[in-house]
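Engineer: Take a look at this one; I'll ask things after.
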Amino acid sequence: MKRDTPKYVLGLSLLFGCLFPVSIPAQNTPGVTDNEILIGSCSALEGPSHFLGTETVTGAKAYFAMINEAGGVDGRKLKLVAYDDSYDPAKTEVCFNRLMEQKVFALGFFVGTPTAVKYIPMAESNKIPVVGLFTGAQTLYVPLRHWVVNVRASYFDETREQIDGMWGTLGYRKIGVIYPEDAFGAAVLEGVKAALKTHSAEPIAVASYQRQTAQVGGAIDTVRSANPEAVVVVGPSNTVAPILKQSHAKGWKPLFLTVSFVGTDELILEAGPDAEGTVITQVVPPYYLTEYKTVALYRRTLTKFFPSAQPNFVSLEGFVDGMVLVEGLKRAGKDATREGLIRAIESIHDHDLGLGPQLKLNYSSKEHKGFDHVIPTVIRGGRAVPFTDWSTAAAK
């Protein structure tokens, strides 16, 4: 056989392939080198809702720093590249393209529904995983989106907890909704309506306001005129705080409730005494309950790597999202690919993250929502206090 024949060349290729195996998947996967895994994020690092973005990213970076100090994942250090979108849908395409230019391996720690509904189609078309979004919009959960991995419970879970608690324990039947004119407001309103429908009811009054503004007087007056016993208020802290303040200034004090996206600690800071008595459903335990193993770990890690940062619900959630992403990377193995990361996360079943027995992580090829547990809290003395008895929420 001549040495320049294709068979001879093929034989040499097979021989050398056996003698010197090469990690082809890792070498060919964007964002993965022998020493580093690059993760990308777009969130509100600037603008009126910057607290949500900066704290989510801080939590994730704290966990990554801890992992890196211990040697990384399979010897690779984790690097998070975070860019600002100001919680503005108009800025999403530019932010996403910047991450694609960086050739990140995966995405995570995004903030908000109006921006998420823009990012998800882009991620799907690029076949890149998105792990951990600070939003509970139903469109991210149903139908299943192969490239989207949710960690937190959904807004449907949160609003169901709110409505069922008020309906069953408090006997409230007259419930109103004040919401922003965006995808976030629509998502929570949809959740409230779905929860009330199970009781053959609907909101007694709904009114919207322009997103990211304090122009809420008209919405307040509209819902107030129906005399509801409770009102679900939707928005980040910079819009919910004005609603609480203006309502109380008018002498209107129904039971106000809101979902976790509000940024509990920022709401308490911005609304001051007017936050007192507000019910907020949470998707992670209160950050001061250090009897939970992971809450204690979060506190120690935050103090070590971000000593000037104050613990809060938002950065704790970012920390937990980071844990899920890292667990997926560990299971994906040395030759991690984007598809392999998704399959690895889908292999996580009944996984104890150290957040209590009701917050165990569960995924499958048919379910990309890690948690479905919701923790109701009420603001008492400037702190979000968890409760199980809804009569506690109505106590003045």
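Residue numbering restarts at 1 for every chain of the structure tokens, chains are lettered A, B, ... in their displayed order, and ligands are numbered from 1 as they appear.
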Enumerate, in order of chain and increasing residue number, the residues of segment 172-287 of chain A with an atom no farther than 8 Å from segment 31-55 of chain A, each with its shortest atom pair and distance in Å to one decimal, counting only C-alpha atoms, as JSON lines.
Structural biologist:
{"residue": "A:Gln212", "atom": "CA", "partner": "A:Pro48", "partner_atom": "CA", "distance": 7.5}
{"residue": "A:Pro236", "atom": "CA", "partner": "A:Ser49", "partner_atom": "CA", "distance": 6.8}
{"residue": "A:Ser237", "atom": "CA", "partner": "A:Ser49", "partner_atom": "CA", "distance": 7.7}
{"residue": "A:Asn238", "atom": "CA", "partner": "A:Pro48", "partner_atom": "CA", "distance": 6.6}
{"residue": "A:Gly263", "atom": "CA", "partner": "A:Leu52", "partner_atom": "CA", "distance": 6.5}
{"residue": "A:Glu266", "atom": "CA", "partner": "A:Phe51", "partner_atom": "CA", "distance": 7.4}
Engineer: Provide the atom CA of Pro307 of chain A to atom CA of Phe64 of chain A distance in Å, to one decimal place.
Structural biologist: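 Going from atom CA of Pro307 of chain A over to atom CA of Phe64 of chain A covers 15.5 Å.
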Engineer: Residues of segment 158-245 of chain A that approach segment 125-142 of chain A to 8 Å or less, counting only C-alpha atoms: could you list each one with the shortest pair of atoms and its distance in Å to one decimal, rows by chain and increasing residue number, as a Markdown table?
Structural biologist:
| residue | atom | partner | partner_atom | distance |
| --- | --- | --- | --- | --- |
| A:Phe184 | CA | A:Ala137 | CA | 7.0 |
| A:Ala187 | CA | A:Ala137 | CA | 5.5 |
| A:Val188 | CA | A:Ala137 | CA | 7.4 |
Engineer: For Gly218 of chain A, work out the shell of residues within 9 Å, counting only C-alpha atoms and skipping chain neighbours fewer than 3 positions away, then give it as a list in words.
Structural biologist: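 The contact residues come out as Ala207, Ser208, Tyr209, Gln215, Asp221, Thr222 and Val223 of chain A.
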Engineer: Using the chain letters and numbers from this document, which residues of segment 323-369 of chain A does DSSP assign to strand (DSSP E), as a list of chain:residue names?
Structural biologist: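 Secondary structure check on segment 323-369 of chain A, strand (DSSP E): A:His351, A:Asp352, A:Lys360, A:Leu361.
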Engineer: Using N, CA and C atoms, can you export the residues from the last selection as a PDB file, in the first residue's frame?
Structural biologist:
ATOM      1  N   HIS A 351     -32.862  17.576  44.758  1.00  0.00           N
ATOM      2  CA  HIS A 351     -31.533  18.000  45.205  1.00  0.00           C
ATOM      3  C   HIS A 351     -31.655  19.022  46.334  1.00  0.00           C
ATOM      4  N   ASP A 352     -31.063  18.720  47.479  1.00  0.00           N
ATOM      5  CA  ASP A 352     -31.138  19.592  48.645  1.00  0.00           C
ATOM      6  C   ASP A 352     -30.112  20.713  48.513  1.00  0.00           C
ATOM      7  N   LYS A 360     -36.451  22.016  47.525  1.00  0.00           N
ATOM      8  CA  LYS A 360     -35.536  21.068  46.905  1.00  0.00           C
ATOM      9  C   LYS A 360     -35.635  21.210  45.396  1.00  0.00           C
ATOM     10  N   LEU A 361     -34.490  21.105  44.753  1.00  0.00           N
ATOM     11  CA  LEU A 361     -34.384  21.394  43.328  1.00  0.00           C
ATOM     12  C   LEU A 361     -34.803  20.180  42.502  1.00  0.00           C
TER      13      LEU A 361
END
Engineer: Run DSSP on the backbone and tell me which residues of segment 175-331 of chain A come out as alpha helix (DSSP H); list them as an MDAnalysis selection string.
Structural biologist: chainID A and resid 183:197 217:224 237:249 264:271 293:305 313:331
Engineer: Write to file, as a tab-separated table (two decimals), in the first residue's frame, the residues of the selection just made, with C-alpha atoms.
Structural biologist:
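Output file part_34.tsv follows:
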chain	number	residue	atom	x	y	z
A	183	ALA	CA	-45.23	42.47	30.20
A	184	PHE	CA	-44.49	42.25	33.92
A	185	GLY	CA	-47.79	43.85	34.87
A	186	ALA	CA	-49.67	41.66	32.43
A	187	ALA	CA	-47.97	38.52	33.78
A	188	VAL	CA	-48.94	39.17	37.40
A	189	LEU	CA	-52.46	40.30	36.46
A	190	GLU	CA	-52.85	37.04	34.55
A	191	GLY	CA	-51.74	35.14	37.66
A	192	VAL	CA	-54.23	36.95	39.89
A	193	LYS	CA	-57.07	36.28	37.44
A	194	ALA	CA	-56.13	32.60	37.17
A	195	ALA	CA	-56.04	32.23	40.96
A	196	LEU	CA	-59.39	33.98	41.40
A	197	LYS	CA	-60.93	31.89	38.64
A	217	GLY	CA	-52.75	58.68	41.09
A	218	GLY	CA	-55.33	57.77	38.46
A	219	ALA	CA	-54.83	54.03	38.96
A	220	ILE	CA	-55.18	54.44	42.72
A	221	ASP	CA	-58.45	56.39	42.40
A	222	THR	CA	-59.92	53.88	39.94
A	223	VAL	CA	-59.30	50.85	42.14
A	224	ARG	CA	-60.16	52.67	45.34
A	237	SER	CA	-39.84	49.28	44.40
A	238	ASN	CA	-39.47	52.61	42.59
A	239	THR	CA	-43.13	52.44	41.50
A	240	VAL	CA	-44.70	50.41	44.32
A	241	ALA	CA	-43.34	52.78	46.99
A	242	PRO	CA	-45.15	55.80	45.48
A	243	ILE	CA	-48.36	53.76	45.27
A	244	LEU	CA	-48.19	52.91	48.97
A	245	LYS	CA	-47.28	56.46	49.97
A	246	GLN	CA	-49.94	58.16	47.86
A	247	SER	CA	-52.63	55.69	48.92
A	248	HIS	CA	-51.91	56.14	52.60
A	249	ALA	CA	-51.76	59.93	52.16
A	264	THR	CA	-38.28	43.88	49.38
A	265	ASP	CA	-35.38	45.64	51.06
A	266	GLU	CA	-35.35	48.51	48.59
A	267	LEU	CA	-39.13	48.90	49.02
A	268	ILE	CA	-38.72	49.14	52.79
A	269	LEU	CA	-36.03	51.78	52.27
A	270	GLU	CA	-38.02	53.82	49.74
A	271	ALA	CA	-41.49	53.55	51.30
A	293	LYS	CA	-27.27	26.02	55.60
A	294	THR	CA	-27.19	27.95	52.32
A	295	VAL	CA	-28.40	31.20	53.87
A	296	ALA	CA	-25.51	30.98	56.32
A	297	LEU	CA	-23.11	30.19	53.45
A	298	TYR	CA	-24.45	33.16	51.48
A	299	ARG	CA	-23.89	35.49	54.44
A	300	ARG	CA	-20.32	34.29	54.98
A	301	THR	CA	-19.48	34.43	51.28
A	302	LEU	CA	-20.96	37.88	50.77
A	303	THR	CA	-19.03	39.23	53.75
A	304	LYS	CA	-15.79	37.72	52.45
A	305	PHE	CA	-15.92	38.80	48.81
A	313	PHE	CA	-33.50	38.82	49.19
A	314	VAL	CA	-32.33	39.76	45.70
A	315	SER	CA	-28.63	38.94	46.04
A	316	LEU	CA	-29.56	35.74	47.89
A	317	GLU	CA	-31.59	34.71	44.86
A	318	GLY	CA	-28.65	35.54	42.58
A	319	PHE	CA	-26.44	33.40	44.84
A	320	VAL	CA	-28.88	30.47	44.57
A	321	ASP	CA	-29.10	30.88	40.78
A	322	GLY	CA	-25.30	30.69	40.73
A	323	MET	CA	-25.46	27.45	42.71
A	324	VAL	CA	-27.80	25.90	40.15
A	325	LEU	CA	-25.61	26.91	37.21
A	326	VAL	CA	-22.49	25.53	38.89
A	327	GLU	CA	-24.23	22.28	39.79
A	328	GLY	CA	-25.14	21.92	36.11
A	329	LEU	CA	-21.57	22.65	35.03
A	330	LYS	CA	-20.21	20.03	37.43
A	331	ARG	CA	-22.60	17.42	36.11
Engineer: Of the candidates A:Gln210, A:Pro228, A:Glu367, A:Lys79, which shows the shortest atom-to-atom distance to Ile67 of chain A, using only C-alpha atoms?
Structural biologist: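 Of A:Gln210, A:Pro228, A:Glu367, A:Lys79, the one nearest Ile67 of chain A, counting only C-alpha atoms, is A:Lys79.
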Engineer: List the spatial neighbours of Val279 of chain A as a PyMOL selection string - criterion: any atom at most 7 Å away, only C-alpha atoms, same-chain residues fewer than 4 positions off excluded.
Structural biologist: chain A and resi 256-258+377-379+393
Engineer: What does the structure give for the distance between atom CA of Trp167 of chain A and atom CA of Ala395 of chain A, in Å to one decimal?
Structural biologist: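 Here the two named atoms are 15.7 Å from each other.
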Engineer: Let me make sure I understand: among A:Arg380, A:Pro143, A:Glu229, A:Asp182, which one has the smallest atom-to-atom distance to Ala205 of chain A if we use only C-alpha atoms?
Structural biologist: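 Looking only at the distances to Ala205 of chain A, the closest residue turns out to be A:Glu229.
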Engineer: Any idea what the distance is between atom CA of Ala153 of chain A and atom CA of Val111 of chain A?
Structural biologist: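 Value for the atom CA of Ala153 of chain A-atom CA of Val111 of chain A distance: 14.6 Å.
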Engineer: Which of these, A:Phe96, A:Thr213, A:Ser154, A:Thr198, has the shortest distance to Gly370 of chain A once you count only C-alpha atoms?
Structural biologist: A:Ser154
